[in-house]
Structure formats: structure tokens, C-alpha cells
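J.: Hey, dropping start-v7.cif in here, mmCIF, C-alpha atoms:
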data_data
#
loop_
_atom_site.label_atom_id
_atom_site.label_comp_id
_atom_site.auth_asym_id
_atom_site.auth_seq_id
_atom_site.Cartn_x
_atom_site.Cartn_y
_atom_site.Cartn_z
CA MET A 25 0.00 0.00 0.00
CA ASN A 26 1.57 3.31 -1.04
CA ASN A 27 1.33 6.56 0.86
CA ASP A 28 -1.64 8.00 -1.09
CA MET A 29 -3.63 4.81 -0.68
CA LEU A 30 -2.81 4.70 3.04
CA ILE A 31 -4.14 8.25 3.38
CA ARG A 32 -7.38 7.22 1.64
CA VAL A 33 -7.79 4.00 3.62
CA THR A 34 -7.24 5.89 6.88
CA ARG A 35 -10.00 8.29 5.79
CA TYR A 36 -12.37 5.45 4.94
CA TYR A 37 -11.70 4.05 8.40
CA ARG A 38 -12.49 7.35 10.12
CA ALA A 39 -15.66 7.85 8.06
CA LEU A 40 -16.81 4.29 8.82
CA ASN A 41 -16.44 4.85 12.55
CA ARG A 42 -18.47 8.07 12.29
CA LEU A 43 -21.20 6.37 10.24
CA ARG A 44 -21.40 3.53 12.74
CA ALA A 45 -21.62 6.07 15.58
CA ILE A 46 -24.76 7.59 14.02
CA GLY A 47 -26.40 4.17 13.72
CA LEU A 48 -25.82 3.17 10.09
CA GLU A 49 -25.20 -0.47 9.25
CA LYS A 50 -24.52 -0.39 5.54
CA VAL A 51 -22.44 1.87 3.33
CA PHE A 52 -21.89 2.27 -0.43
CA ALA A 53 -18.68 3.07 -2.25
CA HIS A 54 -19.96 6.53 -3.15
CA ASN A 55 -20.60 7.34 0.55
CA LEU A 56 -16.98 6.58 1.39
CA ALA A 57 -15.83 8.39 -1.77
CA ASP A 58 -17.59 11.56 -0.59
CA ALA A 59 -16.08 11.27 2.88
CA ALA A 60 -12.56 10.76 1.51
CA GLY A 61 -12.81 13.30 -1.31
CA VAL A 62 -12.22 10.76 -4.10
CA SER A 63 -14.38 9.05 -6.73
CA ALA A 64 -16.37 5.88 -6.05
CA ALA A 65 -14.24 4.14 -8.67
CA ILE A 66 -11.14 4.74 -6.57
CA VAL A 67 -12.86 3.36 -3.46
CA ARG A 68 -13.78 0.21 -5.41
CA LYS A 69 -10.25 -0.11 -6.77
CA ASP A 70 -8.74 0.29 -3.29
CA PHE A 71 -11.14 -2.30 -1.88
CA SER A 72 -10.34 -4.67 -4.70
CA LEU A 73 -6.60 -4.34 -3.96
CA LEU A 74 -7.32 -5.00 -0.28
CA GLU A 75 -9.49 -8.00 -1.32
CA ILE A 76 -12.58 -6.49 0.26
CA HIS A 77 -15.73 -7.61 -1.53
CA GLY A 78 -19.19 -6.03 -1.36
CA GLN A 79 -22.47 -7.83 -0.84
CA LYS A 80 -24.47 -9.30 -3.69
CA ARG A 81 -27.23 -6.73 -3.26
CA GLY A 82 -24.63 -3.93 -3.29
CA GLY A 83 -22.93 -2.02 -0.50
CA TYR A 84 -20.82 -3.14 2.40
CA GLU A 85 -21.52 -4.02 6.04
CA ILE A 86 -20.00 -1.18 8.08
CA GLN A 87 -19.06 -3.40 11.03
CA GLU A 88 -17.32 -5.88 8.76
CA LEU A 89 -15.43 -3.13 6.91
CA ILE A 90 -14.27 -1.58 10.19
CA GLU A 91 -12.89 -4.95 11.27
CA ILE A 92 -11.15 -5.70 7.98
CA ILE A 93 -9.66 -2.23 7.49
CA GLY A 94 -8.84 -1.90 11.19
CA ASN A 95 -6.89 -5.13 10.94
CA ILE A 96 -5.00 -3.90 7.87
CA LEU A 97 -4.12 -0.64 9.63
CA GLY A 98 -3.03 -2.44 12.80
CA LYS A 99 -5.89 -1.13 14.92
CA GLY A 100 -6.63 -3.01 18.10
CA GLU A 101 -2.91 -3.61 18.36
CA ASN A 102 -0.78 -1.56 20.67
CA GLN A 103 -0.26 1.96 19.27
CA ASN A 104 1.43 3.56 22.28
CA VAL A 105 3.73 6.50 21.67
CA ILE A 106 6.14 8.48 23.84
CA VAL A 107 7.28 12.10 23.42
CA ILE A 108 10.96 12.89 24.00
CA GLY A 109 11.54 16.54 24.88
CA CYS A 110 8.68 18.36 26.58
CA GLY A 111 9.26 21.90 25.35
CA ARG A 112 6.45 23.80 23.66
CA ILE A 113 6.05 21.50 20.67
CA GLY A 114 6.41 18.38 22.83
CA LYS A 115 3.77 19.67 25.25
CA ALA A 116 1.43 20.56 22.39
CA LEU A 117 1.70 16.96 21.13
CA MET A 118 1.13 15.58 24.66
CA HIS A 119 -2.11 17.59 24.86
CA TYR A 120 -3.20 16.91 21.27
CA GLN A 121 -6.55 15.07 21.12
CA GLY A 122 -6.38 14.36 17.43
CA PHE A 123 -4.52 11.03 17.65
CA GLU A 124 -7.12 9.22 19.72
CA PRO A 125 -9.69 8.56 16.96
CA ASP A 126 -6.86 6.72 15.20
CA GLY A 127 -6.20 4.60 18.29
CA ILE A 128 -2.80 6.20 18.86
CA LYS A 129 -2.10 7.00 22.51
CA VAL A 130 0.67 9.18 23.93
CA VAL A 131 1.48 7.32 27.17
CA ALA A 132 4.46 9.29 28.53
CA GLY A 133 6.77 12.25 28.01
CA PHE A 134 10.49 12.47 28.80
CA ASP A 135 12.68 15.42 29.58
CA THR A 136 16.12 16.08 31.02
CA ASP A 137 14.99 19.10 33.03
CA PRO A 138 13.90 18.27 36.63
CA VAL A 139 11.66 21.36 36.61
CA VAL A 140 9.74 19.82 33.69
CA TYR A 141 9.47 16.22 34.87
CA SER A 142 8.68 17.16 38.48
CA ASN A 143 5.76 19.36 37.40
CA PRO A 144 2.51 17.46 38.09
CA SER A 145 0.38 19.59 35.72
CA HIS A 146 1.05 17.53 32.55
CA PRO A 147 -1.88 15.62 31.05
CA ILE A 148 0.29 12.47 30.94
CA PRO A 149 3.24 11.48 33.16
CA VAL A 150 6.63 13.03 32.33
CA TYR A 151 9.76 11.12 33.36
CA PRO A 152 13.49 11.77 33.42
CA LEU A 153 15.32 10.09 30.53
CA SER A 154 16.93 7.66 32.99
CA ARG A 155 13.56 5.88 33.22
CA LEU A 156 13.27 5.35 29.43
CA ASP A 157 13.96 1.57 29.43
CA GLU A 158 11.54 0.92 32.27
CA VAL A 159 8.63 2.95 30.82
CA ILE A 160 9.12 1.52 27.31
CA LYS A 161 8.91 -2.01 28.73
CA VAL A 162 5.86 -1.35 30.93
CA HIS A 163 3.84 0.20 28.08
CA ASN A 164 5.38 -1.94 25.33
CA VAL A 165 6.24 1.20 23.34
CA LYS A 166 7.75 0.89 19.85
CA VAL A 167 7.30 4.44 18.53
CA ALA A 168 8.72 7.74 19.83
CA ILE A 169 8.25 11.38 18.81
CA ILE A 170 11.48 13.41 19.09
CA THR A 171 11.01 17.12 19.89
CA VAL A 172 14.39 17.85 21.49
CA PRO A 173 16.72 20.65 20.32
CA GLU A 174 18.96 19.99 17.31
CA SER A 175 22.07 19.55 19.48
CA ASN A 176 20.56 16.62 21.44
CA ALA A 177 18.63 14.89 18.66
CA GLN A 178 21.24 12.40 17.40
CA GLU A 179 22.21 11.22 20.90
CA CYS A 180 18.56 10.98 21.89
CA TYR A 181 17.85 8.91 18.77
CA MET A 182 20.68 6.46 19.55
CA ASN A 183 19.38 6.06 23.12
CA LEU A 184 15.89 5.33 21.83
CA LEU A 185 17.14 2.65 19.42
CA ASP A 186 19.19 1.07 22.22
CA ALA A 187 16.08 1.01 24.41
CA GLY A 188 14.13 -0.91 21.76
CA ILE A 189 12.27 1.85 19.89
CA THR A 190 11.83 0.90 16.21
CA GLY A 191 9.71 3.80 14.90
CA VAL A 192 10.60 7.51 15.19
CA LEU A 193 8.81 10.71 14.21
CA ASN A 194 11.49 13.40 14.36
CA PHE A 195 10.64 17.11 14.66
CA SER A 196 14.19 18.28 15.35
CA PRO A 197 15.80 20.10 12.41
CA ILE A 198 18.51 17.48 11.83
CA THR A 199 17.61 14.57 9.57
CA LEU A 200 17.82 11.26 11.42
CA LYS A 201 18.67 8.27 9.24
CA PRO A 202 17.36 4.73 9.69
CA GLN A 203 20.45 2.90 10.87
CA LYS A 204 20.51 -0.74 11.95
CA THR A 205 20.12 -1.17 15.73
CA ARG A 206 22.24 -3.44 17.93
CA GLN A 207 19.35 -5.91 17.66
CA GLY A 208 19.78 -5.89 13.87
CA ILE A 209 16.51 -4.04 13.21
CA ILE A 210 16.28 -1.18 10.70
CA PRO A 211 13.98 1.41 12.28
CA VAL A 212 11.26 3.38 10.49
CA VAL A 213 12.14 7.09 10.70
CA HIS A 214 10.00 9.99 9.48
CA ASN A 215 11.54 13.46 9.65
CA ILE A 216 9.35 16.57 9.80
CA ASN A 217 11.44 19.73 9.44
CA ILE A 218 9.07 22.67 9.83
CA GLY A 219 11.69 25.29 8.95
CA LEU A 220 12.58 23.40 5.80
CA GLU A 221 8.91 23.08 4.78
CA LEU A 222 8.61 26.87 5.00
CA GLU A 223 11.89 27.28 3.07
CA GLN A 224 10.50 25.06 0.35
CA ILE A 225 7.23 26.98 0.15
CA PHE A 226 9.14 30.26 -0.26
CA TYR A 227 11.39 28.65 -2.82
CA GLU A 228 8.47 27.23 -4.82
CA LEU A 229 6.68 30.61 -4.72
CA LYS A 230 9.81 32.35 -5.99
CA PHE A 231 10.24 29.75 -8.71
CA LYS A 232 6.57 30.02 -9.77
CA ASN A 233 6.75 33.80 -9.97
CA ASN A 234 9.80 33.57 -12.22
CA ASP A 235 7.92 31.42 -14.75
CA MET B 198 16.12 22.08 -7.91
CA ASN B 199 14.48 18.99 -6.43
CA ASN B 200 13.59 18.50 -2.77
CA ASP B 201 16.75 16.58 -1.81
CA MET B 202 18.98 19.15 -3.42
CA LEU B 203 17.07 21.99 -1.72
CA ILE B 204 17.64 20.28 1.65
CA ARG B 205 21.38 20.08 0.90
CA VAL B 206 21.66 23.65 -0.37
CA THR B 207 19.82 24.93 2.72
CA ARG B 208 22.37 23.04 4.85
CA TYR B 209 25.30 24.50 2.93
CA TYR B 210 23.80 27.93 3.53
CA ARG B 211 23.50 27.38 7.29
CA ALA B 212 27.02 25.96 7.54
CA LEU B 213 28.42 28.91 5.56
CA ASN B 214 26.81 31.40 7.93
CA ARG B 215 28.28 29.56 10.92
CA LEU B 216 31.74 29.44 9.33
CA ARG B 217 31.60 33.14 8.56
CA ALA B 218 30.51 33.83 12.17
CA ILE B 219 33.71 32.18 13.47
CA GLY B 220 35.87 34.31 11.18
CA LEU B 221 36.61 32.00 8.24
CA GLU B 222 36.90 33.49 4.76
CA LYS B 223 37.40 30.43 2.59
CA VAL B 224 35.79 27.02 2.47
CA PHE B 225 36.41 23.77 0.56
CA ALA B 226 33.84 21.35 -0.84
CA HIS B 227 34.77 18.75 1.74
CA ASN B 228 34.06 21.22 4.60
CA LEU B 229 30.54 21.77 3.34
CA ALA B 230 30.18 18.05 2.65
CA ASP B 231 30.95 17.28 6.31
CA ALA B 232 28.48 19.91 7.51
CA ALA B 233 25.70 18.61 5.24
CA GLY B 234 26.43 14.90 5.74
CA VAL B 235 27.14 14.20 2.06
CA SER B 236 30.27 13.56 -0.02
CA ALA B 237 32.43 16.34 -1.48
CA ALA B 238 31.54 15.01 -4.94
CA ILE B 239 27.87 15.80 -4.30
CA VAL B 240 28.71 19.33 -3.13
CA ARG B 241 30.71 19.87 -6.34
CA LYS B 242 27.87 18.47 -8.46
CA ASP B 243 25.30 20.70 -6.72
CA PHE B 244 27.53 23.75 -7.19
CA SER B 245 28.05 22.87 -10.83
CA LEU B 246 24.26 22.66 -11.35
CA LEU B 247 23.89 26.03 -9.62
CA GLU B 248 26.71 27.40 -11.83
CA ILE B 249 28.87 28.18 -8.80
CA HIS B 250 32.56 27.98 -9.66
CA GLY B 251 35.48 27.69 -7.25
CA GLN B 252 38.69 29.69 -7.33
CA LYS B 253 41.69 28.71 -9.39
CA ARG B 254 43.73 27.92 -6.27
CA GLY B 255 40.85 25.77 -4.92
CA GLY B 256 38.09 26.49 -2.47
CA TYR B 257 35.36 29.11 -2.43
CA GLU B 258 35.02 32.58 -0.90
CA ILE B 259 32.50 32.17 1.94
CA GLN B 260 31.05 35.67 1.54
CA GLU B 261 30.55 35.15 -2.19
CA LEU B 262 28.91 31.74 -1.66
CA ILE B 263 26.54 33.17 0.96
CA GLU B 264 25.47 35.84 -1.49
CA ILE B 265 24.98 33.48 -4.43
CA ILE B 266 23.18 30.74 -2.47
CA GLY B 267 21.20 33.29 -0.44
CA ASN B 268 19.98 34.77 -3.70
CA ILE B 269 18.97 31.33 -5.03
CA LEU B 270 17.06 30.57 -1.81
CA GLY B 271 15.34 33.95 -1.83
CA LYS B 272 17.16 35.24 1.27
CA GLY B 273 17.20 38.96 1.78
CA GLU B 274 13.73 38.97 0.32
CA ASN B 275 10.69 39.20 2.55
CA GLN B 276 10.06 35.86 4.32
CA ASN B 277 7.33 36.96 6.70
CA VAL B 278 4.89 34.33 7.94
CA ILE B 279 1.65 34.45 9.94
CA VAL B 280 0.16 31.74 12.17
CA ILE B 281 -3.60 31.14 11.97
CA GLY B 282 -4.98 29.50 15.11
CA CYS B 283 -3.09 30.16 18.32
CA GLY B 284 -3.80 26.95 20.22
CA ARG B 285 -0.93 24.92 21.65
CA ILE B 286 0.70 24.05 18.33
CA GLY B 287 0.18 27.58 16.99
CA LYS B 288 1.72 29.07 20.13
CA ALA B 289 4.66 26.68 19.96
CA LEU B 290 5.35 27.86 16.39
CA MET B 291 5.01 31.52 17.42
CA HIS B 292 7.68 30.94 20.09
CA TYR B 293 9.91 28.75 17.92
CA GLN B 294 13.37 30.30 17.45
CA GLY B 295 14.47 27.81 14.81
CA PHE B 296 13.16 29.73 11.78
CA GLU B 297 15.25 32.85 12.30
CA PRO B 298 18.60 31.50 11.09
CA ASP B 299 16.77 30.81 7.81
CA GLY B 300 15.54 34.40 7.67
CA ILE B 301 11.92 33.35 8.17
CA LYS B 302 10.03 35.58 10.58
CA VAL B 303 6.66 34.94 12.21
CA VAL B 304 5.18 38.46 12.30
CA ALA B 305 1.67 37.85 13.66
CA GLY B 306 -0.79 35.31 14.97
CA PHE B 307 -4.55 35.21 14.42
CA ASP B 308 -7.32 33.67 16.49
CA THR B 309 -11.10 33.85 16.72
CA ASP B 310 -11.10 33.78 20.53
CA PRO B 311 -11.03 37.26 22.18
CA VAL B 312 -9.39 35.70 25.27
CA VAL B 313 -6.48 34.64 23.04
CA TYR B 314 -6.04 37.79 20.97
CA SER B 315 -6.54 40.17 23.92
CA ASN B 316 -3.80 38.43 25.93
CA PRO B 317 -0.67 40.63 25.82
CA SER B 318 1.74 37.81 26.84
CA HIS B 319 2.38 36.50 23.32
CA PRO B 320 5.88 36.92 21.89
CA ILE B 321 4.38 38.43 18.73
CA PRO B 322 1.07 40.30 18.27
CA VAL B 323 -2.10 38.20 17.97
CA TYR B 324 -5.06 39.67 16.09
CA PRO B 325 -8.69 38.76 15.49
CA LEU B 326 -9.27 37.24 12.03
CA SER B 327 -11.16 40.39 11.00
CA ARG B 328 -7.77 42.17 10.77
CA LEU B 329 -6.27 39.60 8.37
CA ASP B 330 -6.32 41.80 5.24
CA GLU B 331 -4.83 44.78 7.03
CA VAL B 332 -1.95 42.86 8.69
CA ILE B 333 -1.12 40.93 5.51
CA LYS B 334 -0.80 44.22 3.63
CA VAL B 335 1.27 45.99 6.28
CA HIS B 336 3.81 43.14 6.56
CA ASN B 337 3.54 42.09 2.89
CA VAL B 338 2.84 38.48 3.97
CA LYS B 339 2.55 35.74 1.35
CA VAL B 340 2.82 32.60 3.52
CA ALA B 341 0.57 31.38 6.37
CA ILE B 342 0.77 28.44 8.77
CA ILE B 343 -2.66 26.93 9.52
CA THR B 344 -3.03 25.35 12.98
CA VAL B 345 -6.81 25.61 13.39
CA PRO B 346 -9.08 22.64 14.20
CA GLU B 347 -10.15 20.35 11.35
CA SER B 348 -13.67 21.83 11.23
CA ASN B 349 -12.40 25.37 10.49
CA ALA B 350 -9.47 24.56 8.22
CA GLN B 351 -11.13 24.70 4.79
CA GLU B 352 -12.94 28.00 5.51
CA CYS B 353 -9.79 29.48 6.98
CA TYR B 354 -7.85 28.42 3.87
CA MET B 355 -10.37 30.08 1.53
CA ASN B 356 -10.18 33.31 3.58
CA LEU B 357 -6.40 33.29 3.37
CA LEU B 358 -6.42 32.85 -0.41
CA ASP B 359 -8.96 35.68 -0.73
CA ALA B 360 -6.70 37.89 1.39
CA GLY B 361 -3.76 37.31 -0.97
CA ILE B 362 -1.85 34.47 0.73
CA THR B 363 -0.18 32.25 -1.90
CA GLY B 364 1.77 29.79 0.30
CA VAL B 365 0.27 27.62 3.05
CA LEU B 366 1.77 25.18 5.55
CA ASN B 367 -1.21 23.25 6.92
CA PHE B 368 -1.08 21.33 10.21
CA SER B 369 -4.81 20.62 10.40
CA PRO B 370 -5.68 16.97 9.72
CA ILE B 371 -7.61 17.70 6.52
CA THR B 372 -5.65 17.85 3.28
CA LEU B 373 -5.90 21.28 1.66
CA LYS B 374 -5.56 21.29 -2.11
CA PRO B 375 -3.91 24.00 -4.20
CA GLN B 376 -6.91 25.57 -5.95
CA LYS B 377 -6.73 28.60 -8.20
CA THR B 378 -7.46 31.86 -6.34
CA ARG B 379 -9.77 34.63 -7.55
CA GLN B 380 -6.59 36.39 -8.71
CA GLY B 381 -5.83 33.36 -10.92
CA ILE B 382 -2.85 32.22 -8.82
CA ILE B 383 -2.33 28.56 -7.92
CA PRO B 384 -1.06 28.57 -4.33
CA VAL B 385 1.74 26.38 -2.95
CA VAL B 386 0.28 24.15 -0.22
CA HIS B 387 2.22 21.76 2.04
CA ASN B 388 0.18 19.54 4.36
CA ILE B 389 1.71 18.08 7.53
CA ASN B 390 -0.63 15.56 9.13
CA ILE B 391 1.03 14.42 12.35
CA GLY B 392 -1.56 11.74 13.10
CA LEU B 393 -1.13 10.30 9.62
CA GLU B 394 2.68 10.27 9.95
CA LEU B 395 2.30 8.18 13.11
CA GLU B 396 -0.25 5.91 11.36
CA GLN B 397 2.23 5.37 8.56
CA ILE B 398 5.07 4.56 10.96
CA PHE B 399 2.90 1.94 12.69
CA TYR B 400 1.82 0.59 9.34
CA GLU B 401 5.40 0.35 8.04
CA LEU B 402 6.54 -1.35 11.27
CA LYS B 403 3.73 -3.88 10.96
CA PHE B 404 4.57 -4.51 7.32
CA LYS B 405 8.28 -4.90 8.10
CA ASN B 406 7.54 -7.40 10.87
CA ASN B 407 5.43 -9.45 8.50
CA ASP B 408 8.31 -9.84 6.06
#
Kindly transcribe the structure held in the file into C-alpha cells.
T.:
Amino acid sequence: MNNDMLIRVTRYYRALNRLRAIGLEKVFAHNLADAAGVSAAIVRKDFSLLEIHGQKRGGYEIQELIEIIGNILGKGENQNVIVIGCGRIGKALMHYQGFEPDGIKVVAGFDTDPVVYSNPSHPIPVYPLSRLDEVIKVHNVKVAIITVPESNAQECYMNLLDAGITGVLNFSPITLKPQKTRQGIIPVVHNINIGLELEQIFYELKFKNND
Amino acid sequence: MNNDMLIRVTRYYRALNRLRAIGLEKVFAHNLADAAGVSAAIVRKDFSLLEIHGQKRGGYEIQELIEIIGNILGKGENQNVIVIGCGRIGKALMHYQGFEPDGIKVVAGFDTDPVVYSNPSHPIPVYPLSRLDEVIKVHNVKVAIITVPESNAQECYMNLLDAGITGVLNFSPITLKPQKTRQGIIPVVHNINIGLELEQIFYELKFKNND
């Protein structure tokens, strides 16, 4: 499944949960197409690739679709996440409600500053980095969000891999590369560089205006 | 210039500014290669594509390189940005210091909540949305960061385009599409969906484990 298809399938999944919540039992390809902003033909093609088949009289059982797609997306499985670095962006992610409909749960934050991790006002517990191994084991965490300053990011990343983290979403401005861990696993690393995104937008605008 | 090359050139630019700050006047391809995490051959290839030529005795004048690359990246030109939606993520971006070395400046925030825009504690001024047109004109702003909730994002986007914004970095979970403005301009839109990035990481981990 490529990135674009994953985006669509995630949207189908969200729409299905909403439709179920309002009491519907059956859905048609064009309903999901509307919800995902694509054509019904694309929904049918995606479903065909995922080997999801409709009913003879047309349409799909919502409950069944939620189970099949949920299984494909890894729902129901553990999707616990930790946040490393509880500055402003880290805190914003700890408070963010938008992950929960996707079943993703931020279970803990980590910081090096005693003032930060001793403060009881956080919505989720914040620990010193020395407790990383312990917390990762207790919550069976595989994925971490890095929001530490540039100067600490590489060291922080190495510590996470050593502690058993295999998926990283990195917001620090340095690009972290997927390098094989001591356990022989190649981690999944996504880098989001906000400054660079803005740079690119300015660059593309400049380029467009020169056309 | 493709995305990868833009990332590298931005890194050369940052390294050059740092080298100049510590008093250096000349730099070699392998210095910039180290700073950008690539090989000297790639630096030379990038420079050749950008029609940047070294000196006969080898190396490059740092000041000259900063001027040439800065010009390519649009530095020295206006890179003012506004933030729409001053919730936690919006506030974090308003406080973020990391844009300034790139010459990008967040000049104003906007919010619909009087409690937010009447609060004088923000690091930059926060205005009600009704003052969008005025502030955009005064600061000659072309690029906006959207950090409003999903339900307001599309309307907010349309208002920005109407007000003359042509570049958008969208953090709301809906995907905004570049649609032609009333002025006949096709905007540059980058969407960052944090929930979806995490989804993808979990999906890729699951897929890898099934191999």
C-alpha cells in the first residue's frame, strides 16, 4: 500500500467509525468516496486491492469493513507512543486530542529538566530520561516522537534505538537516518522539518513567480 | 532544484553562515560536505548545477557563496509568515526560534477567541481574524501556517487565499488542495498531518515485521 492509498484507507476508516456512531449499518462506495474526497471508482479499486468484496445486493456491512480495514491498519494492536523533549512543541503533542480517533495513545513524556518532569500539571506522566527503558517495557512502546533541540537529537535517537524503539517521528531540524540497531533491526524514521517546509514553500513561490 | 537538493543547499547555507561567524573566509567542498552529511563530490555536483565555480587555487570565498546561495534561496527577500490559530501548536510555532537562522520571521498570529487575541503575553502580536487583510498588507505576507481545528481549516484556507496568501503550511488533519485563487494564482500548499505520519510509521513497522 503506497502513501496515497494509506491516506485514503485511513480516511475510509475514520468515516466508517463516524457512520457507525450515528447508527448506520450499511455503506456504499460513493458514501466513502464523498467522505474521503475521491471518486467511487477509486474506493472500489482500493477495496479490490485489499481483497474487500461487497455484498451481492450492493454495498458493504459497516461493522465488517471496520474490522477488515482496522486489521489492515493495525488497529486493536498496541499503538502507544512516547514524546521525547517536553518543550512547547512536545507539550502541544502531549495535549493533542487528534490522535485518539486513530487509536494512537501518547502514554508518557520524557525530559532532562527536573523542573519539567517534576511538574505534576502535565496531562500524561513526564519522566526523566533515565527511566526510558523501564517505561518503554511497561507500556510496550515501539514508537517515539522526538522534539528535542537539534544539538541533542542524534544522541537521543541512539538512546531510543538502544532502548528498543523501532519507529521515530522526528521534529528536530537534523535529519535522522534509519540505521541498523544493535538488535539488527532497521527502524522506520519519518523526519518533519518545519523550517525546511517553510523554506521550500518560499522557494516554490519564488520559482513560480519567475515562470 | 528537487527536494533533496534543496535540503542540501539549505544546509550549505546554514554551515556557511556559521563558518563566517567564526571568522573564516574560505571554504572547501569537503568542509561543506561534512556539515551537510554528504560527499564532497555531491557538493561539487550541486555547485556545478547552480553554476557556482570555485577559485583557481581551490576552495570558495565564503562571503561570495553566501550571497549566491542566499539569492537562489530567496534570502534577503521578505520571508514573513503568519500563524492562523493560536492553540498549543500555533503558540509553539510563534515561540519557535528555529526559523530565524533561515531568515523566516513569524510576524503575527490570528485567532477567533477574544481571550487569546486580547492576551498581551504572546511573543508576537495576535489579532482577530477580522484584521487579516490589514496585517497581511502591512507586513507584505505571502505565507501562512494553519493550525486551526479540522472543522475550520477549509474555511480558513479560503479566507487566506482571498486575502492574498499564496503559500500555506497546513497542520490541520484535513488535506488542503492547491486551488486557483480569484486572482488566478495557484497557491503552494504543504500539508503536515502528524496523526497520519504516526499511522504510517505503525503501518510500516507492521509490514516490516510481516516480512
J.: Pick out the chain A residues within 6 Å of chain B. Count only C-alpha atoms. Give them as number ranges by chain.
T.: A: 112-113, 116, 123, 219
J.: Name the residues in contact with segment 311-321 of chain B at a cut-off of 8 Å, using all atoms listed in the file, excluding same-chain residues fewer than 5 positions from it; report them as a short mmCIF file (atom, residue, chain, number, x, y, z; two decimals) with C-alpha atoms, keeping the file's coordinate frame.
T.:
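Dumped everything to out-v2.cif:
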data_model
loop_
_atom_site.label_atom_id
_atom_site.label_comp_id
_atom_site.auth_asym_id
_atom_site.auth_seq_id
_atom_site.Cartn_x
_atom_site.Cartn_y
_atom_site.Cartn_z
CA CYS B 283 -3.09 30.16 18.32
CA MET B 291 5.01 31.52 17.42
CA HIS B 292 7.68 30.94 20.09
CA VAL B 303 6.66 34.94 12.21
CA VAL B 304 5.18 38.46 12.30
CA ALA B 305 1.67 37.85 13.66
CA GLY B 306 -0.79 35.31 14.97
#
J.: For a quick check of understanding, using all atoms listed in the file, which of B:Val345, B:Leu373, B:Ile266, B:Val280 has the smallest distance to Glu248 of chain B?
T.: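 Closest candidate: B:Ile266.
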J.: For each of B:Gly282, B:Pro322, B:Gly273, B:Gly256, take the minimum atom-to-atom distance to Asn228 of chain B, counting only C-alpha atoms, then give the residue where this is smallest.
T.: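 Of the candidates, the smallest distance to Asn228 of chain B is held by B:Gly256.
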J.: Provide the atom CA of Leu229 of chain B to atom CA of Ala177 of chain A distance in Å, to one decimal place.
T.: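 Result for atom CA of Leu229 of chain B versus atom CA of Ala177 of chain A: 20.6 Å, one decimal.
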J.: What does the distance between atom CA of Tyr210 of chain B and atom CA of Gln178 of chain A come to in Å, to one decimal place?
T.: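 Distance between the two atoms: 21.0 Å.
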